[in-house]
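Working notes, beginning with the structure itself.
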Amino acid sequence: MAYEVTASRKRPSNFDQLTGQDFVATSLQKSVASGKIANAYLFSGPRGVGKTSAARILAKAINCEKWPSNNPCGICESCLSVTRGNALDVIEIDGASNTGVDDVREIKDEVLFAPSTSRYKVYIIDEVHMLSPNAFNALLKTIEEPPPYVVFIFATTEVHKVPATIRSRCQQFNFRLIGLEEIKLKLTEISTESNIETEEEALLWIAKEATGSLRDAYTLYDQIVSFSDGKITIEKIKEKLGLVGLDEINNLVENFADNSSVEALRIGGEIIKKGVAPEQFIIELSEYFRNILLIKSGIKKEGILGFPVERFSAKALEKLSVQQIEYALSLLLDLFRNIRYSLNQQFEIELAISRLSFITKHLSDVEILESIKKIKDEIKRIPVHAAVQGDPGLLNNEENNKKEEEIDFTKYRDEIVANFKKNNMMLASSLAKTSLWEREGNIVKIYCTDNFSLDFIKNEISTLKKELDLLTKGNYRIELVLSVNKEVSRENILSSSAQVDLIKKIFKGEVVIDSRIKEDSNEY
């Protein structure tokens, strides 16, 4: 007996055998059983989901000797002739190769003749969207007012390319993608029938790769059976088809989570050396991040993930945030789009692996804004003049006052400026432009932000000294310092701020004094 591929051998012969298209099957069964047959039907949907099979079943059902009934009997001469493909009154036309207006004119001439042996003359036109505009126009009148014995069944994967004038004259049925679990069940059935031992994970992988097309699943299954020696395993599939495999992806992503770029690059190199195509590597890694993103979002259905949740790395799920996983996915999708134009695809992959090795340090815009908000909230809770040397929260009020008195005299500036506004407006204005007033022993350093202010204060230094001594009840010398930095210019002043220390702690940074800052000192 000649070998028959699984897709042909397992083609459904009645409505009950249509997999994953319950709505379509039920609707057509009711129409056939009630004898309410439309002039034209339009079956649309992805490839390999049963459109042409449904068209043949409908053709058999309306011409079956036992009509009307829910299903064709499959044993009468009419049903058998359709199954064999030699029924005179069921004409199948490939719309992709018969696109011209002349082809449609032949149909227009043929429909004038009644069916030879059957109840209906049925025209099944596959990929009908490939017809030319003129061909559609020629077909339009025939569809609108066909003889009562003619039925048109159109099938297409791109319904949007079918003119609205044609669609409006047809009963439309949309075929959906077949679920992963339904495909896996059909694969299990044919494995059992063929006495082929299979691993569940292997069948799950085939079902996932079929992406909703049962025909594609059968075709891939036949290919795998040919090299599996009676036992289908995921290891054989990986070896023969050049796949990465979930275990290696788990290992790779765990190194991403550990920031281990050296080990991650080594693993990536080993995968490429095995002959895995760069595109395949990127696809599998992208699917992995997609799956753990779904798991982090609470989706754990095996039919969606393609693997049991337990097969994914617990470390990766724990260490990687949703934002970091989204970043990884974005990086890999961009890589897949651009890799075809790369000078060296392996270099591109190595660069991506290197970047992903620091994924835990990546901060999204949202996370940065949250960090800034956290800093602001923390700063609000810190005393303005708290010292860095100890925990600001542990310093009592007496120590705070002591530190303030020893270090920061800026608090006196505003009061002195207010006093001078009454009788020395120019001096008040110059003092208002100063930044920090720092006391070291009996010296008070005043930091000026421009030369003009420094020179004016210098000329009025004795007046300023009297006012400062009067206010503080002390006897101080004044040192004027020119600093480009308007806020703070000295490293020791910066380091003494608890607020700055908090920012250093959160961002793991350090205080840097720009070497371009020039300081001139004048003591009086």
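Each chain of the structure tokens is named A, B, ... in the order shown, its residues numbered from 1; ligands are numbered from 1 in display order.
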Quick one: residues within 10 Å of Ile93 (chain A), only C-alpha atoms counted, chain neighbours fewer than 6 positions away excluded, as number ranges by chain?
A: 103, 123-128, 154
For Met426 (chain A), list every protein, DNA or RNA residue within 10 Å, evaluated using only C-alpha atoms, and leave out those in the same chain fewer than 4 positions away; present the list as a ChimeraX atom specification.
/A:420-421,430-432,453,456-457
When you look at Ala257 (chain A) with a cut-off of 8 Å (counting only C-alpha atoms), what residues show up, excluding the ones that are within fewer than 4 positions of it in the same chain? I need them as a ChimeraX atom specification.
/A:253,315-316,319-320,357-360
From a DSSP calculation on the backbone, collect every residue of region 58-228 of chain A in strand (DSSP E or B) and output the set as a VMD selection string.
chain A and resid 90 to 94 121 to 126 150 to 156 171 to 174 197 to 198
Nearest to Asn174 (chain A) by atom-to-atom distance, counting only C-alpha atoms, from A:Asn70, A:Ser213, A:Ser194, A:Thr157:
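Nearest to Asn174 (chain A): A:Thr157.
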Would you kindly return, as a PyMOL selection string, each protein, DNA or RNA residue with an atom no farther than 9 Å from any atom of region 332-336 of chain A, considering only C-alpha atoms and excluding same-chain residues fewer than 5 positions away?
chain A and resi 278-279+282-283+285-286+327+348-349+352
Go ahead and save the picked residues with C-alpha atoms, as a PDB file, in the first residue's frame.
ATOM      1  CA  PRO A 278      21.280  32.758  14.650  1.00  0.00           C
ATOM      2  CA  GLU A 279      17.620  33.476  13.866  1.00  0.00           C
ATOM      3  CA  ILE A 282      17.036  34.642  18.880  1.00  0.00           C
ATOM      4  CA  ILE A 283      13.537  33.198  18.408  1.00  0.00           C
ATOM      5  CA  LEU A 285      15.462  33.210  23.589  1.00  0.00           C
ATOM      6  CA  SER A 286      12.664  35.687  22.804  1.00  0.00           C
ATOM      7  CA  TYR A 327      13.719  45.357  28.129  1.00  0.00           C
ATOM      8  CA  GLU A 348      25.541  40.861  16.959  1.00  0.00           C
ATOM      9  CA  ILE A 349      24.455  37.928  19.139  1.00  0.00           C
ATOM     10  CA  ALA A 352      23.236  41.164  22.818  1.00  0.00           C
TER      11      ALA A 352
END
Give me the residues within 12 Å of region 272-274 of chain A as a PyMOL selection string, counting only C-alpha atoms and dropping any in the same chain fewer than 3 places off.
chain A and resi 238-245+248+265-269+277-282+345-347+349-350
Expected file contents, prior selection, C-alpha atoms, as a PDB file, in the first residue's frame:
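Output contents, as saved in out24.pdb:
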ATOM      1  CA  LYS A 238      17.003  19.316  19.241  1.00  0.00           C
ATOM      2  CA  GLU A 239      19.835  17.357  17.664  1.00  0.00           C
ATOM      3  CA  LYS A 240      18.338  16.911  14.189  1.00  0.00           C
ATOM      4  CA  LEU A 241      16.555  20.229  13.781  1.00  0.00           C
ATOM      5  CA  GLY A 242      19.258  22.451  15.304  1.00  0.00           C
ATOM      6  CA  LEU A 243      17.385  23.765  18.327  1.00  0.00           C
ATOM      7  CA  VAL A 244      18.727  25.348  21.511  1.00  0.00           C
ATOM      8  CA  GLY A 245      16.452  23.635  24.005  1.00  0.00           C
ATOM      9  CA  GLU A 248      20.314  25.499  27.801  1.00  0.00           C
ATOM     10  CA  LEU A 265      29.183  34.390  26.356  1.00  0.00           C
ATOM     11  CA  ARG A 266      30.719  30.927  26.669  1.00  0.00           C
ATOM     12  CA  ILE A 267      27.286  29.265  26.653  1.00  0.00           C
ATOM     13  CA  GLY A 268      26.172  31.389  23.717  1.00  0.00           C
ATOM     14  CA  GLY A 269      29.300  30.434  21.787  1.00  0.00           C
ATOM     15  CA  ALA A 277      20.956  29.217  13.211  1.00  0.00           C
ATOM     16  CA  PRO A 278      21.280  32.758  14.650  1.00  0.00           C
ATOM     17  CA  GLU A 279      17.620  33.476  13.866  1.00  0.00           C
ATOM     18  CA  GLN A 280      16.535  30.279  15.637  1.00  0.00           C
ATOM     19  CA  PHE A 281      18.626  31.196  18.683  1.00  0.00           C
ATOM     20  CA  ILE A 282      17.036  34.642  18.880  1.00  0.00           C
ATOM     21  CA  GLN A 345      25.606  37.822  12.871  1.00  0.00           C
ATOM     22  CA  GLN A 346      27.656  36.118  15.584  1.00  0.00           C
ATOM     23  CA  PHE A 347      29.078  39.483  16.700  1.00  0.00           C
ATOM     24  CA  ILE A 349      24.455  37.928  19.139  1.00  0.00           C
ATOM     25  CA  GLU A 350      27.545  38.232  21.359  1.00  0.00           C
TER      26      GLU A 350
END
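In this model, the gap between CA of Thr26 (chain A) and CA of Asn71 (chain A) comes to 10.5 Å.
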Excluding same-chain residues fewer than 5 positions from region 362-364 of chain A, what lies within 9 Å of it counting only C-alpha atoms, as a PyMOL selection string?
chain A and resi 323-324+327+369
Residue nearest Leu482 (chain A) - candidates A:Ser354, A:Thr434, A:Asn86, A:Gln171, atoms counted: only C-alpha atoms
A:Thr434
Closest of A:Glu193, A:Glu326, A:Asp102, A:Glu460 to Tyr288 (chain A), counting only C-alpha atoms, is A:Glu326
Could you state the separation of CA of Leu356 (chain A) and CA of Asn338 (chain A) in Å, given to one decimal place?
17.2 Å
Tell me, as number ranges by chain, which residues lie within 12 Å of Gly474 (chain A), counting only C-alpha atoms; anything in the same chain fewer than 6 positions away does not count.
A: 405, 439, 441-444, 465-468
Write down as a tab-separated table (two decimals) with N, CA, C and O atoms, in the first residue's frame the residues belonging to region 2-206 of chain A that are assigned alpha helix (DSSP H) by DSSP computed on the backbone.
chain	number	residue	atom	x	y	z
A	6	THR	N	0.34	12.13	6.73
A	6	THR	CA	-0.64	12.20	7.82
A	6	THR	C	-1.72	13.25	7.55
A	6	THR	O	-2.89	13.04	7.85
A	7	ALA	N	-1.33	14.39	6.96
A	7	ALA	CA	-2.30	15.46	6.71
A	7	ALA	C	-3.41	15.00	5.78
A	7	ALA	O	-4.57	15.38	5.95
A	8	SER	N	-3.08	14.14	4.80
A	8	SER	CA	-4.10	13.62	3.89
A	8	SER	C	-4.86	12.47	4.54
A	8	SER	O	-6.09	12.38	4.42
A	9	ARG	N	-4.14	11.61	5.22
A	9	ARG	CA	-4.77	10.44	5.84
A	9	ARG	C	-5.77	10.84	6.91
A	9	ARG	O	-6.80	10.19	7.11
A	22	ASP	N	-15.78	24.44	16.13
A	22	ASP	CA	-17.10	24.00	16.57
A	22	ASP	C	-18.23	24.88	16.05
A	22	ASP	O	-19.28	24.39	15.63
A	23	PHE	N	-18.01	26.19	16.08
A	23	PHE	CA	-19.07	27.11	15.63
A	23	PHE	C	-19.38	26.90	14.15
A	23	PHE	O	-20.55	26.83	13.75
A	24	VAL	N	-18.33	26.81	13.34
A	24	VAL	CA	-18.52	26.61	11.90
A	24	VAL	C	-19.24	25.29	11.65
A	24	VAL	O	-20.21	25.23	10.88
A	25	ALA	N	-18.74	24.22	12.28
A	25	ALA	CA	-19.33	22.89	12.06
A	25	ALA	C	-20.80	22.86	12.45
A	25	ALA	O	-21.65	22.34	11.70
A	26	THR	N	-21.13	23.41	13.61
A	26	THR	CA	-22.53	23.39	14.08
A	26	THR	C	-23.44	24.19	13.15
A	26	THR	O	-24.55	23.75	12.82
A	27	SER	N	-22.98	25.35	12.72
A	27	SER	CA	-23.80	26.20	11.84
A	27	SER	C	-24.07	25.53	10.51
A	27	SER	O	-25.20	25.54	9.99
A	28	LEU	N	-23.03	24.94	9.92
A	28	LEU	CA	-23.20	24.27	8.63
A	28	LEU	C	-24.08	23.03	8.76
A	28	LEU	O	-24.89	22.73	7.86
A	29	GLN	N	-23.92	22.29	9.85
A	29	GLN	CA	-24.77	21.11	10.07
A	29	GLN	C	-26.25	21.49	10.10
A	29	GLN	O	-27.10	20.82	9.50
A	30	LYS	N	-26.57	22.58	10.80
A	30	LYS	CA	-27.96	23.01	10.90
A	30	LYS	C	-28.50	23.45	9.55
A	30	LYS	O	-29.66	23.19	9.20
A	31	SER	N	-27.66	24.12	8.77
A	31	SER	CA	-28.09	24.57	7.44
A	31	SER	C	-28.38	23.39	6.53
A	31	SER	O	-29.40	23.35	5.82
A	32	VAL	N	-27.46	22.39	6.56
A	32	VAL	CA	-27.64	21.22	5.71
A	32	VAL	C	-28.86	20.41	6.14
A	32	VAL	O	-29.69	19.98	5.31
A	33	ALA	N	-29.00	20.20	7.44
A	33	ALA	CA	-30.12	19.39	7.94
A	33	ALA	C	-31.47	20.02	7.64
A	33	ALA	O	-32.46	19.32	7.40
A	34	SER	N	-31.52	21.37	7.64
A	34	SER	CA	-32.79	22.06	7.37
A	34	SER	C	-33.02	22.30	5.89
A	34	SER	O	-34.09	22.76	5.49
A	51	LYS	N	-10.30	24.91	6.23
A	51	LYS	CA	-11.23	25.62	5.33
A	51	LYS	C	-11.59	24.74	4.12
A	51	LYS	O	-12.78	24.57	3.80
A	52	THR	N	-10.57	24.22	3.44
A	52	THR	CA	-10.84	23.39	2.25
A	52	THR	C	-11.53	22.09	2.64
A	52	THR	O	-12.43	21.61	1.93
A	53	SER	N	-11.13	21.52	3.77
A	53	SER	CA	-11.79	20.29	4.24
A	53	SER	C	-13.27	20.54	4.50
A	53	SER	O	-14.14	19.73	4.13
A	54	ALA	N	-13.58	21.67	5.13
A	54	ALA	CA	-14.98	22.01	5.41
A	54	ALA	C	-15.75	22.21	4.12
A	54	ALA	O	-16.94	21.83	4.02
A	55	ALA	N	-15.10	22.81	3.12
A	55	ALA	CA	-15.76	23.02	1.82
A	55	ALA	C	-16.11	21.67	1.18
A	55	ALA	O	-17.21	21.49	0.63
A	56	ARG	N	-15.18	20.71	1.24
A	56	ARG	CA	-15.45	19.39	0.65
A	56	ARG	C	-16.54	18.65	1.43
A	56	ARG	O	-17.38	17.96	0.83
A	57	ILE	N	-16.52	18.79	2.77
A	57	ILE	CA	-17.56	18.14	3.58
A	57	ILE	C	-18.93	18.72	3.24
A	57	ILE	O	-19.92	17.99	3.10
A	58	LEU	N	-18.98	20.05	3.06
A	58	LEU	CA	-20.25	20.69	2.71
A	58	LEU	C	-20.72	20.22	1.33
A	58	LEU	O	-21.92	19.95	1.13
A	59	ALA	N	-19.78	20.10	0.40
A	59	ALA	CA	-20.13	19.62	-0.94
A	59	ALA	C	-20.67	18.20	-0.88
A	59	ALA	O	-21.66	17.84	-1.57
A	60	LYS	N	-20.06	17.34	-0.05
A	60	LYS	CA	-20.56	15.98	0.10
A	60	LYS	C	-21.93	15.96	0.76
A	60	LYS	O	-22.83	15.20	0.35
A	61	ALA	N	-22.08	16.80	1.80
A	61	ALA	CA	-23.32	16.77	2.58
A	61	ALA	C	-24.54	17.16	1.74
A	61	ALA	O	-25.61	16.54	1.86
A	62	ILE	N	-24.41	18.18	0.89
A	62	ILE	CA	-25.58	18.65	0.13
A	62	ILE	C	-25.87	17.77	-1.08
A	62	ILE	O	-26.96	17.86	-1.67
A	63	ASN	N	-24.92	16.88	-1.42
A	63	ASN	CA	-25.16	15.95	-2.53
A	63	ASN	C	-25.30	14.51	-2.07
A	63	ASN	O	-25.44	13.60	-2.90
A	77	GLU	N	-22.22	6.67	-3.37
A	77	GLU	CA	-21.34	6.93	-4.51
A	77	GLU	C	-20.99	8.41	-4.62
A	77	GLU	O	-19.87	8.78	-4.98
A	78	SER	N	-21.94	9.27	-4.30
A	78	SER	CA	-21.68	10.71	-4.36
A	78	SER	C	-20.59	11.11	-3.37
A	78	SER	O	-19.66	11.85	-3.71
A	79	CYS	N	-20.71	10.64	-2.12
A	79	CYS	CA	-19.71	10.96	-1.09
A	79	CYS	C	-18.35	10.40	-1.46
A	79	CYS	O	-17.32	11.07	-1.32
A	80	LEU	N	-18.32	9.17	-1.96
A	80	LEU	CA	-17.05	8.53	-2.30
A	80	LEU	C	-16.36	9.24	-3.46
A	80	LEU	O	-15.14	9.38	-3.48
A	81	SER	N	-17.14	9.71	-4.43
A	81	SER	CA	-16.55	10.39	-5.58
A	81	SER	C	-15.91	11.71	-5.16
A	81	SER	O	-14.85	12.10	-5.67
A	82	VAL	N	-16.53	12.42	-4.20
A	82	VAL	CA	-15.94	13.66	-3.69
A	82	VAL	C	-14.66	13.35	-2.93
A	82	VAL	O	-13.64	14.04	-3.08
A	83	THR	N	-14.68	12.29	-2.13
A	83	THR	CA	-13.49	11.89	-1.37
A	83	THR	C	-12.35	11.52	-2.30
A	83	THR	O	-11.18	11.90	-2.06
A	84	ARG	N	-12.68	10.82	-3.40
A	84	ARG	CA	-11.64	10.43	-4.36
A	84	ARG	C	-11.19	11.59	-5.22
A	84	ARG	O	-10.13	11.54	-5.84
A	101	VAL	N	-9.81	36.91	-16.03
A	101	VAL	CA	-11.23	37.05	-16.32
A	101	VAL	C	-11.72	35.92	-17.23
A	101	VAL	O	-12.88	35.49	-17.16
A	102	ASP	N	-10.83	35.38	-18.09
A	102	ASP	CA	-11.23	34.29	-18.99
A	102	ASP	C	-11.58	33.04	-18.20
A	102	ASP	O	-12.49	32.29	-18.59
A	103	ASP	N	-10.84	32.80	-17.10
A	103	ASP	CA	-11.14	31.63	-16.27
A	103	ASP	C	-12.53	31.74	-15.65
A	103	ASP	O	-13.26	30.74	-15.55
A	104	VAL	N	-12.90	32.93	-15.24
A	104	VAL	CA	-14.22	33.13	-14.64
A	104	VAL	C	-15.31	33.03	-15.70
A	104	VAL	O	-16.42	32.53	-15.44
A	105	ARG	N	-15.01	33.47	-16.91
A	105	ARG	CA	-16.01	33.38	-17.98
A	105	ARG	C	-16.36	31.92	-18.28
A	105	ARG	O	-17.51	31.60	-18.62
A	106	GLU	N	-15.37	31.04	-18.17
A	106	GLU	CA	-15.64	29.62	-18.36
A	106	GLU	C	-16.64	29.11	-17.32
A	106	GLU	O	-17.53	28.32	-17.62
A	107	ILE	N	-16.45	29.60	-16.07
A	107	ILE	CA	-17.39	29.21	-15.01
A	107	ILE	C	-18.78	29.72	-15.34
A	107	ILE	O	-19.79	29.01	-15.19
A	108	LYS	N	-18.87	30.96	-15.83
A	108	LYS	CA	-20.17	31.55	-16.16
A	108	LYS	C	-20.89	30.74	-17.23
A	108	LYS	O	-22.12	30.60	-17.22
A	109	ASP	N	-20.11	30.20	-18.16
A	109	ASP	CA	-20.72	29.37	-19.22
A	109	ASP	C	-21.14	28.01	-18.67
A	109	ASP	O	-22.20	27.49	-19.04
A	110	GLU	N	-20.33	27.46	-17.79
A	110	GLU	CA	-20.61	26.12	-17.26
A	110	GLU	C	-21.85	26.08	-16.37
A	110	GLU	O	-22.58	25.08	-16.34
A	133	PRO	N	-9.13	41.95	-10.23
A	133	PRO	CA	-10.35	42.77	-10.11
A	133	PRO	C	-11.35	42.50	-11.22
A	133	PRO	O	-12.57	42.46	-10.97
A	134	ASN	N	-10.86	42.31	-12.43
A	134	ASN	CA	-11.78	42.04	-13.55
A	134	ASN	C	-12.47	40.69	-13.37
A	134	ASN	O	-13.64	40.53	-13.71
A	135	ALA	N	-11.72	39.72	-12.84
A	135	ALA	CA	-12.30	38.40	-12.61
A	135	ALA	C	-13.39	38.47	-11.54
A	135	ALA	O	-14.46	37.84	-11.68
A	136	PHE	N	-13.15	39.25	-10.49
A	136	PHE	CA	-14.18	39.43	-9.47
A	136	PHE	C	-15.43	40.09	-10.05
A	136	PHE	O	-16.56	39.69	-9.75
A	137	ASN	N	-15.21	41.09	-10.89
A	137	ASN	CA	-16.36	41.78	-11.50
A	137	ASN	C	-17.17	40.83	-12.38
A	137	ASN	O	-18.40	40.89	-12.41
A	138	ALA	N	-16.45	39.96	-13.09
A	138	ALA	CA	-17.13	39.00	-13.95
A	138	ALA	C	-17.91	37.97	-13.14
A	138	ALA	O	-18.97	37.48	-13.57
A	139	LEU	N	-17.40	37.67	-11.94
A	139	LEU	CA	-18.02	36.66	-11.09
A	139	LEU	C	-19.21	37.21	-10.31
A	139	LEU	O	-20.09	36.47	-9.87
A	140	LEU	N	-19.23	38.52	-10.15
A	140	LEU	CA	-20.20	39.16	-9.26
A	140	LEU	C	-21.64	38.85	-9.64
A	140	LEU	O	-22.47	38.47	-8.81
A	141	LYS	N	-21.97	38.99	-10.92
A	141	LYS	CA	-23.35	38.78	-11.37
A	141	LYS	C	-23.77	37.34	-11.19
A	141	LYS	O	-24.93	37.06	-10.80
A	142	THR	N	-22.84	36.42	-11.44
A	142	THR	CA	-23.16	35.00	-11.30
A	142	THR	C	-23.45	34.64	-9.85
A	142	THR	O	-24.35	33.84	-9.55
A	143	ILE	N	-22.67	35.24	-8.91
A	143	ILE	CA	-22.90	34.96	-7.48
A	143	ILE	C	-24.22	35.55	-7.03
A	143	ILE	O	-24.95	34.96	-6.22
A	144	GLU	N	-24.55	36.72	-7.58
A	144	GLU	CA	-25.75	37.42	-7.13
A	144	GLU	C	-27.02	36.68	-7.56
A	144	GLU	O	-27.98	36.58	-6.78
A	164	ALA	N	-15.59	43.93	-1.14
A	164	ALA	CA	-16.77	43.97	-0.27
A	164	ALA	C	-18.03	43.55	-1.03
A	164	ALA	O	-18.96	42.97	-0.45
A	165	THR	N	-18.06	43.81	-2.33
A	165	THR	CA	-19.24	43.42	-3.13
A	165	THR	C	-19.39	41.90	-3.19
A	165	THR	O	-20.52	41.39	-3.26
A	166	ILE	N	-18.27	41.19	-3.16
A	166	ILE	CA	-18.31	39.73	-3.14
A	166	ILE	C	-18.68	39.24	-1.74
A	166	ILE	O	-19.54	38.36	-1.57
A	167	ARG	N	-18.03	39.80	-0.71
A	167	ARG	CA	-18.28	39.37	0.67
A	167	ARG	C	-19.74	39.54	1.06
A	167	ARG	O	-20.31	38.72	1.77
A	180	LEU	N	-3.33	24.83	21.14
A	180	LEU	CA	-2.17	23.97	21.30
A	180	LEU	C	-2.57	22.62	21.89
A	180	LEU	O	-2.09	21.56	21.44
A	181	GLU	N	-3.43	22.62	22.87
A	181	GLU	CA	-3.83	21.37	23.52
A	181	GLU	C	-4.63	20.48	22.58
A	181	GLU	O	-4.50	19.24	22.62
A	182	GLU	N	-5.45	21.09	21.70
A	182	GLU	CA	-6.20	20.30	20.72
A	182	GLU	C	-5.27	19.64	19.71
A	182	GLU	O	-5.46	18.48	19.33
A	183	ILE	N	-4.26	20.40	19.27
A	183	ILE	CA	-3.28	19.84	18.33
A	183	ILE	C	-2.51	18.71	18.99
A	183	ILE	O	-2.28	17.65	18.39
A	184	LYS	N	-2.09	18.92	20.22
A	184	LYS	CA	-1.34	17.89	20.95
A	184	LYS	C	-2.17	16.61	21.09
A	184	LYS	O	-1.65	15.48	20.96
A	185	LEU	N	-3.47	16.77	21.33
A	185	LEU	CA	-4.34	15.61	21.45
A	185	LEU	C	-4.40	14.82	20.15
A	185	LEU	O	-4.34	13.58	20.15
A	186	LYS	N	-4.49	15.54	19.02
A	186	LYS	CA	-4.53	14.85	17.72
A	186	LYS	C	-3.21	14.14	17.43
A	186	LYS	O	-3.19	13.04	16.87
A	187	LEU	N	-2.09	14.75	17.83
A	187	LEU	CA	-0.79	14.11	17.64
A	187	LEU	C	-0.66	12.85	18.49
A	187	LEU	O	-0.08	11.85	18.06
A	188	THR	N	-1.19	12.92	19.70
A	188	THR	CA	-1.18	11.75	20.57
A	188	THR	C	-1.98	10.61	19.94
A	188	THR	O	-1.58	9.43	19.99
A	189	GLU	N	-3.12	10.95	19.35
A	189	GLU	CA	-3.97	9.94	18.71
A	189	GLU	C	-3.25	9.23	17.57
A	189	GLU	O	-3.28	7.99	17.48
A	190	ILE	N	-2.61	10.01	16.69
A	190	ILE	CA	-1.96	9.36	15.53
A	190	ILE	C	-0.72	8.59	15.96
A	190	ILE	O	-0.35	7.59	15.33
A	191	SER	N	-0.05	9.02	17.05
A	191	SER	CA	1.09	8.27	17.57
A	191	SER	C	0.65	6.91	18.09
A	191	SER	O	1.30	5.89	17.87
A	192	THR	N	-0.47	6.92	18.78
A	192	THR	CA	-1.01	5.67	19.31
A	192	THR	C	-1.42	4.73	18.18
A	192	THR	O	-1.14	3.52	18.21
A	193	GLU	N	-2.07	5.30	17.17
A	193	GLU	CA	-2.48	4.49	16.02
A	193	GLU	C	-1.29	3.87	15.30
A	193	GLU	O	-1.37	2.75	14.79
A	200	GLU	N	5.91	13.41	26.01
A	200	GLU	CA	4.88	14.46	26.03
A	200	GLU	C	5.47	15.83	25.67
A	200	GLU	O	4.85	16.61	24.96
A	201	GLU	N	6.68	16.10	26.17
A	201	GLU	CA	7.30	17.39	25.88
A	201	GLU	C	7.60	17.54	24.39
A	201	GLU	O	7.51	18.64	23.84
A	202	ALA	N	7.93	16.42	23.72
A	202	ALA	CA	8.20	16.47	22.29
A	202	ALA	C	6.94	16.81	21.50
A	202	ALA	O	6.95	17.64	20.58
A	203	LEU	N	5.82	16.16	21.86
A	203	LEU	CA	4.55	16.46	21.19
A	203	LEU	C	4.11	17.89	21.48
A	203	LEU	O	3.55	18.57	20.61
A	204	LEU	N	4.36	18.35	22.68
A	204	LEU	CA	4.01	19.72	23.04
A	204	LEU	C	4.81	20.71	22.21
A	204	LEU	O	4.29	21.74	21.75
A	205	TRP	N	6.09	20.36	21.97
A	205	TRP	CA	6.92	21.24	21.14
A	205	TRP	C	6.41	21.28	19.71
A	205	TRP	O	6.33	22.36	19.08
A	206	ILE	N	6.04	20.13	19.14
A	206	ILE	CA	5.52	20.09	17.77
A	206	ILE	C	4.24	20.92	17.68
A	206	ILE	O	4.05	21.71	16.75
Can you tell me how far CA of Asp94 (chain A) sits from CA of Phe152 (chain A), in Å to one decimal?
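Interatomic distance here is 13.4 Å.
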